$ cat my_file28.csv   # CSV, C-alpha atoms
chain,number,residue,atom,x,y,z
C,14,MET,CA,159.6,-28.9,114.1
C,15,LEU,CA,162.1,-31.5,113.0
C,16,ASN,CA,161.1,-35.0,112.5
C,17,PHE,CA,157.4,-34.6,113.0
C,18,MET,CA,156.8,-31.1,111.9
C,19,ALA,CA,155.9,-29.8,108.4
C,20,GLU,CA,155.6,-26.4,106.9
C,21,GLU,CA,152.2,-24.8,107.1
C,22,GLN,CA,150.0,-22.8,104.8
C,23,ASP,CA,148.0,-19.6,104.7
C,24,ASN,CA,144.4,-20.6,104.8
C,25,ASP,CA,143.1,-17.2,103.6
C,26,THR,CA,144.3,-17.6,100.0
C,27,ILE,CA,142.1,-20.5,98.9
C,28,THR,CA,139.1,-19.7,101.1
C,29,SER,CA,138.8,-16.2,99.9
C,30,ASP,CA,139.3,-17.0,96.2
C,31,ASN,CA,137.1,-20.0,96.0
C,32,LYS,CA,134.3,-19.6,98.5
C,33,ASP,CA,131.6,-20.1,95.9
C,34,SER,CA,132.9,-23.5,94.9
C,35,THR,CA,133.4,-24.9,98.4
C,36,MET,CA,129.9,-26.0,99.4
C,37,SER,CA,129.9,-29.0,101.7
C,38,THR,CA,133.5,-30.3,101.7
C,39,ASP,CA,132.3,-33.3,103.7
C,40,SER,CA,130.0,-34.5,100.9
C,41,SER,CA,131.8,-33.5,97.7
C,42,ASN,CA,133.0,-36.1,95.3
C,43,LYS,CA,131.5,-39.5,96.1
C,44,ARG,CA,134.4,-41.3,94.7
C,45,TYR,CA,136.8,-39.4,97.0
C,46,THR,CA,137.5,-41.0,100.3
C,47,SER,CA,139.0,-38.6,102.8
C,48,PRO,CA,142.0,-39.7,104.8
C,49,PHE,CA,140.4,-38.1,107.7
C,50,SER,CA,137.9,-40.9,107.8
C,51,GLN,CA,140.3,-42.6,110.2
C,52,PHE,CA,139.4,-39.9,112.8
C,53,ASN,CA,136.1,-39.1,114.5
C,54,ILE,CA,135.9,-35.4,113.7
C,55,SER,CA,132.7,-33.4,114.1
C,56,PRO,CA,131.0,-32.3,110.8
C,57,THR,CA,132.5,-29.1,109.3
C,58,ASP,CA,129.6,-28.2,107.1
C,59,VAL,CA,128.8,-25.1,109.1
C,60,LEU,CA,132.1,-23.5,107.8
C,61,ASP,CA,130.7,-23.5,104.3
C,62,THR,CA,128.0,-21.1,105.4
C,63,ILE,CA,130.3,-18.5,107.0
C,64,GLU,CA,131.2,-15.3,105.0
C,65,LYS,CA,133.9,-12.9,105.8
C,66,ALA,CA,133.2,-10.4,108.5
C,67,HIS,CA,135.0,-7.7,110.5
C,68,CYS,CA,136.6,-8.8,113.8
C,69,PRO,CA,134.8,-6.9,116.6
C,70,ASP,CA,138.2,-6.3,118.4
C,71,CYS,CA,140.6,-5.3,115.6
C,72,ASN,CA,138.2,-4.7,112.7
C,73,ARG,CA,140.2,-6.9,110.3
C,74,ASN,CA,138.1,-8.6,107.6
C,75,VAL,CA,138.4,-12.3,108.3
C,76,ARG,CA,136.6,-15.6,107.9
C,77,TYR,CA,135.9,-18.2,110.6
C,78,PHE,CA,138.2,-16.6,113.2
C,79,CYS,CA,140.6,-13.8,113.7
C,80,ASN,CA,144.1,-15.2,113.7
C,81,ARG,CA,145.4,-12.0,115.4
C,82,CYS,CA,142.8,-11.8,118.2
C,83,LEU,CA,142.4,-15.6,118.3
C,84,LYS,CA,138.6,-15.4,118.5
C,85,LEU,CA,135.8,-16.8,116.4
C,86,VAL,CA,134.1,-14.4,114.1
C,87,GLU,CA,130.5,-14.8,112.9
C,88,CYS,CA,130.4,-18.5,113.9
C,89,PRO,CA,127.0,-19.7,115.3
C,90,GLU,CA,127.2,-20.4,119.0
C,91,GLY,CA,127.9,-24.1,119.6
C,92,ALA,CA,128.9,-24.7,116.0
C,93,VAL,CA,132.6,-25.0,116.6
C,94,PRO,CA,133.9,-27.8,118.8
C,95,GLN,CA,135.3,-26.7,122.1
C,96,LEU,CA,137.8,-29.1,123.7
C,97,LYS,CA,138.9,-29.7,127.2
C,98,LEU,CA,142.5,-30.9,127.3
C,99,PRO,CA,144.3,-33.0,129.9
C,100,ILE,CA,147.2,-30.6,130.1
C,101,LYS,CA,147.8,-26.8,129.6
C,102,LEU,CA,149.6,-26.0,126.4
C,103,ASP,CA,151.7,-22.9,125.5
C,104,VAL,CA,152.4,-22.1,121.8
C,105,ILE,CA,155.6,-20.0,121.4
C,106,LYS,CA,155.4,-18.4,117.9
C,107,HIS,CA,158.2,-16.9,116.0
C,108,GLU,CA,157.5,-13.2,115.2
C,109,GLN,CA,158.3,-13.6,111.5
C,110,GLU,CA,155.8,-16.4,111.1
C,111,ARG,CA,152.6,-15.0,109.5
C,112,ASP,CA,149.5,-15.6,111.5
C,113,GLY,CA,147.6,-16.9,108.5
C,114,LYS,CA,150.1,-19.7,108.0
C,115,SER,CA,150.0,-21.3,111.4
C,116,THR,CA,147.9,-24.3,112.1
C,117,ALA,CA,149.0,-24.1,115.7
C,118,LEU,CA,146.5,-21.2,116.1
C,119,HIS,CA,143.7,-23.7,115.5
C,120,ALA,CA,144.5,-25.2,119.0
C,121,LYS,CA,143.7,-21.9,120.7
C,122,ILE,CA,140.4,-21.5,118.8
C,123,LEU,CA,139.4,-25.1,119.6
C,124,ALA,CA,140.6,-25.3,123.2
C,125,PRO,CA,140.6,-21.6,124.4
C,126,ASP,CA,140.7,-22.4,128.1
C,127,HIS,CA,143.7,-24.7,127.8
C,128,VAL,CA,145.9,-23.1,125.2
C,129,GLU,CA,147.9,-19.8,125.2
C,130,VAL,CA,149.8,-18.3,122.3
C,131,TYR,CA,152.9,-16.1,122.8
C,132,ALA,CA,155.3,-14.4,120.6
C,133,TRP,CA,158.8,-15.8,121.0
C,134,LYS,CA,160.3,-12.5,122.3
C,135,ASP,CA,157.3,-12.1,124.7
C,136,MET,CA,157.2,-15.6,126.0
C,137,PRO,CA,156.5,-16.0,129.7
C,138,LYS,CA,159.3,-15.9,132.2
C,139,TYR,CA,158.8,-19.4,133.3
C,140,GLU,CA,159.9,-19.9,137.0
C,141,ASN,CA,159.9,-23.7,137.0
C,142,VAL,CA,161.4,-24.6,133.7
C,143,ASP,CA,162.1,-28.2,134.9
C,144,ARG,CA,158.3,-28.7,135.2
C,145,LEU,CA,157.7,-28.0,131.5
C,146,LEU,CA,157.9,-30.3,128.4
C,147,LEU,CA,159.0,-29.0,125.1
C,148,LEU,CA,157.6,-30.9,122.1
C,149,PHE,CA,160.7,-31.0,119.9
C,150,PRO,CA,162.5,-33.9,118.4
C,151,SER,CA,166.1,-33.7,119.2
C,152,PRO,CA,168.9,-35.9,120.7
C,153,GLY,CA,167.8,-36.8,124.2
C,154,ALA,CA,164.1,-36.2,123.6
C,155,LYS,CA,162.1,-38.9,125.3
C,156,GLN,CA,158.8,-40.6,124.6
C,157,LEU,CA,156.0,-40.0,127.1
C,158,SER,CA,156.3,-43.7,128.1
C,159,GLU,CA,159.7,-42.7,129.5
C,160,ILE,CA,158.5,-39.7,131.5
C,161,ASP,CA,156.8,-39.7,134.9
C,162,PRO,CA,153.5,-37.7,134.5
C,163,ALA,CA,154.1,-36.2,137.9
C,164,SER,CA,157.3,-34.6,136.7
C,165,PHE,CA,155.6,-31.9,134.4
C,166,ASP,CA,152.7,-29.5,134.4
C,167,LYS,CA,152.5,-28.0,131.0
C,168,LEU,CA,153.5,-28.7,127.3
C,169,VAL,CA,155.3,-26.0,125.2
C,170,VAL,CA,155.1,-26.1,121.4
C,171,ILE,CA,157.3,-24.0,119.0
C,172,ASP,CA,155.6,-22.5,116.0
C,173,GLY,CA,157.5,-21.3,113.0
C,174,THR,CA,159.3,-22.6,109.9
C,175,TRP,CA,161.8,-25.4,110.6
C,176,GLU,CA,164.7,-22.9,110.4
C,177,GLN,CA,162.9,-20.6,112.9
C,178,ALA,CA,161.9,-23.5,115.2
C,179,ASN,CA,165.4,-24.8,115.3
C,180,LYS,CA,166.8,-21.4,116.1
C,181,MET,CA,164.3,-20.9,118.9
C,182,ALA,CA,165.0,-24.3,120.4
C,183,LYS,CA,168.7,-23.7,120.5
C,184,SER,CA,168.5,-20.1,121.7
C,185,ASP,CA,169.6,-19.1,125.2
C,186,SER,CA,166.1,-19.0,126.5
C,187,PRO,CA,163.9,-21.1,128.8
C,188,LEU,CA,163.2,-23.3,125.7
C,189,LEU,CA,166.8,-24.5,125.8
C,190,ARG,CA,166.4,-25.7,129.4
C,191,MET,CA,163.1,-27.6,129.0
C,192,LYS,CA,162.9,-31.3,129.0
C,193,ARG,CA,162.3,-32.5,125.4
C,194,VAL,CA,159.5,-34.9,124.4
C,195,THR,CA,158.9,-36.5,121.1
C,196,ILE,CA,156.1,-38.5,119.5
C,197,ALA,CA,155.9,-41.6,117.3
C,198,PRO,CA,156.3,-41.0,113.6
C,199,HIS,CA,153.2,-40.3,111.5
C,200,GLU,CA,152.6,-39.4,107.9
C,201,THR,CA,151.5,-35.8,107.4
C,202,LEU,CA,148.3,-34.9,105.7
C,203,PHE,CA,149.5,-31.3,105.2
C,204,TRP,CA,148.8,-29.8,101.8
C,205,ARG,CA,151.9,-27.8,101.3
C,206,HIS,CA,154.6,-29.2,99.0
C,207,GLN,CA,157.8,-29.7,100.9
C,208,LYS,CA,161.2,-31.3,100.4
C,209,LYS,CA,161.3,-32.9,103.8
C,210,ALA,CA,160.1,-36.4,104.5
C,211,SER,CA,156.4,-37.1,104.9
C,212,ASP,CA,156.8,-37.6,108.7
C,213,HIS,CA,157.3,-33.8,109.1
C,214,LEU,CA,153.9,-32.9,110.5
C,215,ALA,CA,152.0,-29.7,110.6
C,216,THR,CA,152.0,-28.2,114.1
C,217,ILE,CA,148.4,-29.0,114.8
C,218,GLU,CA,149.0,-32.6,113.8
C,219,ALA,CA,151.9,-32.8,116.2
C,220,ILE,CA,149.7,-31.4,119.0
C,221,TYR,CA,147.0,-33.8,118.2
C,222,TYR,CA,149.3,-36.9,118.2
C,223,PHE,CA,150.9,-35.7,121.5
C,224,LEU,CA,147.5,-35.5,123.2
C,225,ARG,CA,146.5,-38.9,121.9
C,226,GLU,CA,149.8,-40.4,123.1
C,227,TYR,CA,149.3,-38.6,126.4
C,228,HIS,CA,146.0,-40.3,126.8
C,229,GLU,CA,147.2,-43.7,125.7
C,230,THR,CA,150.3,-43.5,127.9
C,231,TYR,CA,148.9,-42.2,131.1
C,232,LEU,CA,145.1,-42.4,131.3
C,233,THR,CA,143.9,-45.8,130.3
C,234,ALA,CA,144.8,-48.0,133.2
C,235,VAL,CA,143.2,-46.3,136.1
C,236,PRO,CA,143.5,-48.2,139.4
C,237,GLN,CA,140.5,-48.4,141.7
C,238,GLN,CA,140.8,-47.3,145.3
C,239,PRO,CA,140.4,-50.4,147.4
C,240,SER,CA,137.7,-50.3,150.1
C,241,ALA,CA,138.5,-50.4,153.7
C,242,ALA,CA,137.6,-54.1,153.8
C,243,ALA,CA,139.8,-54.9,150.9
C,244,ALA,CA,142.7,-53.0,152.4
C,245,THR,CA,142.3,-55.0,155.6
C,246,THR,CA,142.3,-58.2,153.6
C,247,VAL,CA,145.4,-57.2,151.7
C,248,LEU,CA,147.2,-56.3,154.9
C,249,THR,CA,146.2,-59.5,156.6
C,250,GLU,CA,147.2,-61.7,153.7
C,251,SER,CA,150.4,-59.8,153.3
C,252,GLN,CA,151.3,-60.3,156.9
C,253,GLU,CA,150.6,-64.0,156.6
C,254,GLY,CA,152.9,-64.2,153.6
C,255,ALA,CA,150.1,-64.9,151.2
C,256,PRO,CA,150.1,-63.2,147.8
C,257,SER,CA,148.2,-59.9,147.6
C,258,PRO,CA,145.1,-59.7,145.5
C,259,THR,CA,145.5,-57.9,142.2
C,260,ALA,CA,143.5,-54.7,141.9
C,261,THR,CA,141.3,-54.6,138.8
C,262,THR,CA,141.7,-51.7,136.4
C,263,THR,CA,138.4,-52.2,134.7
C,264,ASP,CA,135.5,-49.8,135.3
C,265,THR,CA,132.6,-52.3,135.5
C,266,ASN,CA,130.0,-49.5,135.5
C,267,ASN,CA,131.1,-48.1,132.2
C,268,ASN,CA,132.5,-51.3,130.7
C,269,THR,CA,135.7,-49.5,130.1
C,270,ALA,CA,138.5,-52.1,129.9
C,271,THR,CA,142.0,-50.9,130.4
C,272,THR,CA,145.0,-51.7,128.2
C,273,THR,CA,148.7,-51.0,128.4
C,274,ALA,CA,148.8,-49.3,125.0
C,275,GLN,CA,146.1,-46.7,125.5
C,276,THR,CA,145.2,-44.0,128.0
C,277,GLU,CA,142.8,-41.2,129.0
C,278,LYS,CA,143.3,-37.5,129.6
C,279,HIS,CA,144.5,-35.4,132.5
C,280,SER,CA,142.4,-32.3,132.6
C,281,THR,CA,142.9,-28.9,134.0
C,282,GLU,CA,139.2,-28.8,135.0
C,283,SER,CA,138.8,-30.3,138.5
C,284,THR,CA,135.6,-32.3,139.1
C,285,THR,CA,134.4,-34.6,141.9
C,286,PRO,CA,134.1,-38.3,140.7
C,287,SER,CA,130.8,-39.9,141.2
C,288,SER,CA,130.3,-42.7,143.7
C,289,SER,CA,130.4,-45.2,140.9
C,290,SER,CA,133.7,-44.0,139.4
C,291,SER,CA,137.2,-45.3,140.0
C,292,THR,CA,139.2,-43.2,142.5
C,293,LEU,CA,142.7,-42.5,141.4
C,294,GLN,CA,145.5,-43.6,143.8
C,295,PRO,CA,147.9,-40.6,143.8
C,296,THR,CA,151.3,-42.3,143.8
C,297,THR,CA,153.1,-45.5,143.2
C,298,GLU,CA,154.3,-45.4,146.8
C,299,ALA,CA,150.7,-45.4,148.0
C,300,ALA,CA,149.9,-48.4,145.9
C,301,SER,CA,153.0,-50.1,147.2
C,302,ASN,CA,152.0,-49.5,150.8
C,303,ASN,CA,148.7,-51.2,150.2
C,304,ASN,CA,150.5,-54.1,148.4
C,305,ILE,CA,148.2,-53.6,145.4
C,306,ALA,CA,149.6,-54.8,142.1
C,307,MET,CA,148.5,-52.6,139.2
C,308,SER,CA,149.1,-52.6,135.5
C,309,LYS,CA,149.7,-48.9,135.6
C,310,VAL,CA,149.6,-46.2,138.3
C,311,ILE,CA,148.8,-42.7,137.3
C,312,THR,CA,149.8,-39.6,139.1
C,313,PRO,CA,147.4,-36.8,138.2
C,314,HIS,CA,148.5,-33.2,137.6
C,315,LYS,CA,147.1,-30.4,139.8
C,316,GLU,CA,143.5,-31.1,138.8
C,317,TRP,CA,141.7,-34.2,137.5
C,318,ILE,CA,138.9,-34.9,135.1
C,319,ASP,CA,135.5,-36.5,135.2
C,320,SER,CA,135.5,-40.2,135.8
C,321,HIS,CA,133.6,-40.8,132.5
C,322,GLN,CA,136.7,-39.5,130.7
C,323,LEU,CA,138.9,-42.2,132.0
C,324,GLY,CA,139.6,-45.3,130.0
C,325,PRO,CA,140.8,-46.3,126.5
C,326,TYR,CA,141.2,-43.5,123.9
C,327,THR,CA,137.8,-42.9,122.2
C,328,ASN,CA,138.6,-40.0,119.9
C,329,GLN,CA,138.4,-37.4,122.7
C,330,PHE,CA,140.9,-35.1,120.9
C,331,ASP,CA,140.1,-35.8,117.3
C,332,ASP,CA,138.3,-32.4,116.9
C,333,MET,CA,141.7,-30.8,117.4
C,334,LEU,CA,142.0,-31.5,113.6
C,335,TRP,CA,138.6,-29.9,112.9
C,336,PHE,CA,139.8,-26.8,111.0
C,337,TYR,CA,142.7,-28.8,109.5
C,338,LYS,CA,140.3,-31.4,108.0
C,339,TYR,CA,138.1,-28.7,106.6
C,340,PHE,CA,141.0,-26.9,104.8
C,341,TYR,CA,142.4,-30.1,103.5
C,342,GLU,CA,139.1,-31.2,102.0
C,343,LEU,CA,138.4,-27.7,100.7
C,344,ILE,CA,141.6,-27.7,98.8
C,345,GLN,CA,141.0,-31.2,97.4
C,346,LYS,CA,137.4,-30.3,96.4
C,347,THR,CA,138.5,-27.0,94.8
C,348,TYR,CA,141.0,-28.6,92.5
C,349,ARG,CA,138.7,-31.5,91.6
C,350,GLU,CA,135.9,-29.1,90.6
C,351,ARG,CA,137.7,-26.2,89.0
C,352,THR,CA,137.1,-25.8,85.3
C,353,ASP,CA,139.3,-22.7,84.6
C,354,GLY,CA,142.6,-24.5,85.2
C,355,LYS,CA,143.7,-22.0,87.8
C,356,GLU,CA,146.4,-23.1,90.2
C,357,PHE,CA,147.5,-21.4,93.4
C,358,THR,CA,151.2,-22.4,93.5
C,359,LEU,CA,153.8,-23.7,91.1
C,360,LYS,CA,155.0,-26.3,93.6
C,361,HIS,CA,153.2,-29.6,93.3
C,362,THR,CA,153.3,-33.0,94.9
C,363,LYS,CA,152.4,-35.8,92.4
C,364,GLY,CA,149.2,-37.6,93.3
C,365,TYR,CA,148.3,-35.3,96.2
C,366,ILE,CA,144.9,-34.3,94.8
C,367,GLN,CA,142.6,-37.3,94.7
C,368,TYR,CA,141.1,-36.9,91.3
C,369,ASP,CA,138.2,-39.1,90.1
C,370,PRO,CA,140.0,-41.9,88.1
C,371,HIS,CA,137.1,-42.0,85.6
C,372,ASP,CA,137.3,-38.2,84.9
C,373,LYS,CA,139.8,-37.8,82.0
C,374,ARG,CA,139.5,-34.0,82.3
C,375,GLN,CA,140.7,-34.1,85.9
C,376,LEU,CA,143.5,-36.6,85.3
C,377,THR,CA,145.1,-34.4,82.7
C,378,ARG,CA,145.8,-31.9,85.4
C,379,ASP,CA,147.9,-34.4,87.2
C,380,THR,CA,150.5,-34.9,84.5
C,381,SER,CA,153.3,-33.1,86.3
C,382,ASP,CA,152.7,-32.9,90.0
C,383,THR,CA,149.7,-32.4,92.1
C,384,VAL,CA,149.2,-29.6,94.4
C,385,SER,CA,149.9,-28.3,97.7
C,386,THR,CA,147.5,-25.4,97.5
C,387,SER,CA,147.7,-22.0,99.1
C,388,THR,CA,150.7,-20.0,100.1
C,389,SER,CA,152.3,-20.7,103.3
C,390,ASN,CA,155.4,-22.0,105.0
C,391,ALA,CA,155.0,-22.1,108.7
C,392,THR,CA,155.9,-25.0,110.9
C,393,CYS,CA,156.9,-26.4,114.1
$ encode --input "my_file28.csv" --output "structure tokens"
Amino acid sequence: MLNFMAEEQDNDTITSDNKDSTMSTDSSNKRYTSPFSQFNISPTDVLDTIEKAHCPDCNRNVRYFCNRCLKLVECPEGAVPQLKLPIKLDVIKHEQERDGKSTALHAKILAPDHVEVYAWKDMPKYENVDRLLLLFPSPGAKQLSEIDPASFDKLVVIDGTWEQANKMAKSDSPLLRMKRVTIAPHETLFWRHQKKASDHLATIEAIYYFLREYHETYLTAVPQQPSAAAATTVLTESQEGAPSPTATTTDTNNNTATTTAQTEKHSTESTTPSSSSSTLQPTTEAASNNNIAMSKVITPHKEWIDSHQLGPYTNQFDDMLWFYKYFYELIQKTYRERTDGKEFTLKHTKGYIQYDPHDKRQLTRDTSDTVSTSTSNATC
């Protein structure tokens, strides 16, 4: 997808050809510092131990997960992170986009209860298009800070090459009538060589940054429900013309201070807050009626999340990049450790592979341009 989407790669090529040289991508070259260190992503070492196996549903020979059935294959129970998201997410995938090229499918594997994937021609017949957000940078697209969280129920993401995504977004379909949302620019970590600017993200990167912005925009400052006594005090002082007390937005039990720059997540899993948790006031109007001044009032979607998930962003969605991180570091490690000089593409990006500066053998490989390994070109 436009400004923040990059073309994606087929993960099967490098994983199948270089499995023997991939052990422990998390602990490979000590001189190499992964750019993913800025995130708090669960260890991916278990993926080094997984061999190809037949998908029990379609019998295809796959590794890690079946990108057609969208199910894990031969992965130990509990080994792969399973995320709960604050909002439902639909991925609309172009039919000509190869399954093995799409990082968007990672979202379905990592958050199976909150993500659905549809072929473009088989996309749902959405009844309330005005309640959907389309993550697509285009004229008129708004930041989340400009959008009332009560005005939408679901996020829709397009998956395909840029040309495919642009065609889908402009087609006479529900996609054309959805409200557009965009995210702040970020530099991609995607491994495919591309002619577009570095702020064209892989689809899974765009999904991750949306979720993070969602949290930081809507879910940090959570107003506490005033007690009956407090409400009486407010009413009395208001009637007397005295200024109303300001409601705190700090969870003293969890030492979770709120900020205007960060937020927590809406979830589609409904739970009952504990007695010590902050209770969400449902609307700005309700807060106004109680004369309570708040730094931010949040309107939840249909269901809410556990109270312990409220507060500043603390890496709740970083594992959305779990597979993405693994493949990135696998490619880096494979190129640094290969001795046969084999390359997987003729397209290179200078300086992409982080070679050991003290290893002259490695540095000679970087004389033209460094790699964007594998063979893929998906996007959104």
$ residues_around --input "my_file28.csv" --residues "Leu147 (chain C)" --least-positions-apart "6" --cutoff "9 Å" --atoms "only C-alpha atoms" --output "CSV table (one decimal) with C-alpha atoms, in the coordinates of the input"
chain,number,residue,atom,x,y,z
C,154,ALA,CA,164.1,-36.2,123.6
C,167,LYS,CA,152.5,-28.0,131.0
C,168,LEU,CA,153.5,-28.7,127.3
C,169,VAL,CA,155.3,-26.0,125.2
C,170,VAL,CA,155.1,-26.1,121.4
C,171,ILE,CA,157.3,-24.0,119.0
C,182,ALA,CA,165.0,-24.3,120.4
C,188,LEU,CA,163.2,-23.3,125.7
C,191,MET,CA,163.1,-27.6,129.0
C,192,LYS,CA,162.9,-31.3,129.0
C,193,ARG,CA,162.3,-32.5,125.4
C,194,VAL,CA,159.5,-34.9,124.4
C,195,THR,CA,158.9,-36.5,121.1
$ atom_distance --input "my_file28.csv" --atom1 "CA of Ala132 (chain C)" --atom2 "CA of Leu118 (chain C)"
12.0 Å
$ residues_around --input "my_file28.csv" --residues "Phe330 (chain C)" --least-positions-apart "2" --cutoff "8 Å" --atoms "all atoms listed in the file" --output "PyMOL selection string"
chain C and resi 96+98+221+224-225+328+332-333
$ closest_residue --input "my_file28.csv" --among "C:Lys84, C:Glu110, C:Asn53, C:Asp331" --to "Ile217 (chain C)" --atoms "only C-alpha atoms"
C:Asp331
$ residues_near_point --input "my_file28.csv" --point "(158.0, -14.8, 112.1)" --cutoff "12 Å" --atoms "only C-alpha atoms" --output "VMD selection string"
chain C and resid 105 to 115 131 to 134 171 to 178 180 to 181 390 to 393
$ closest_residue --input "my_file28.csv" --among "C:Glu159, C:Asp166, C:Glu350, C:Glu342" --to "Leu146 (chain C)" --atoms "only C-alpha atoms"
C:Asp166
$ closest_residue --input "my_file28.csv" --among "C:Met136, C:Val104, C:Val93, C:Val75" --to "Ile122 (chain C)" --atoms "all atoms listed in the file"
C:Val93
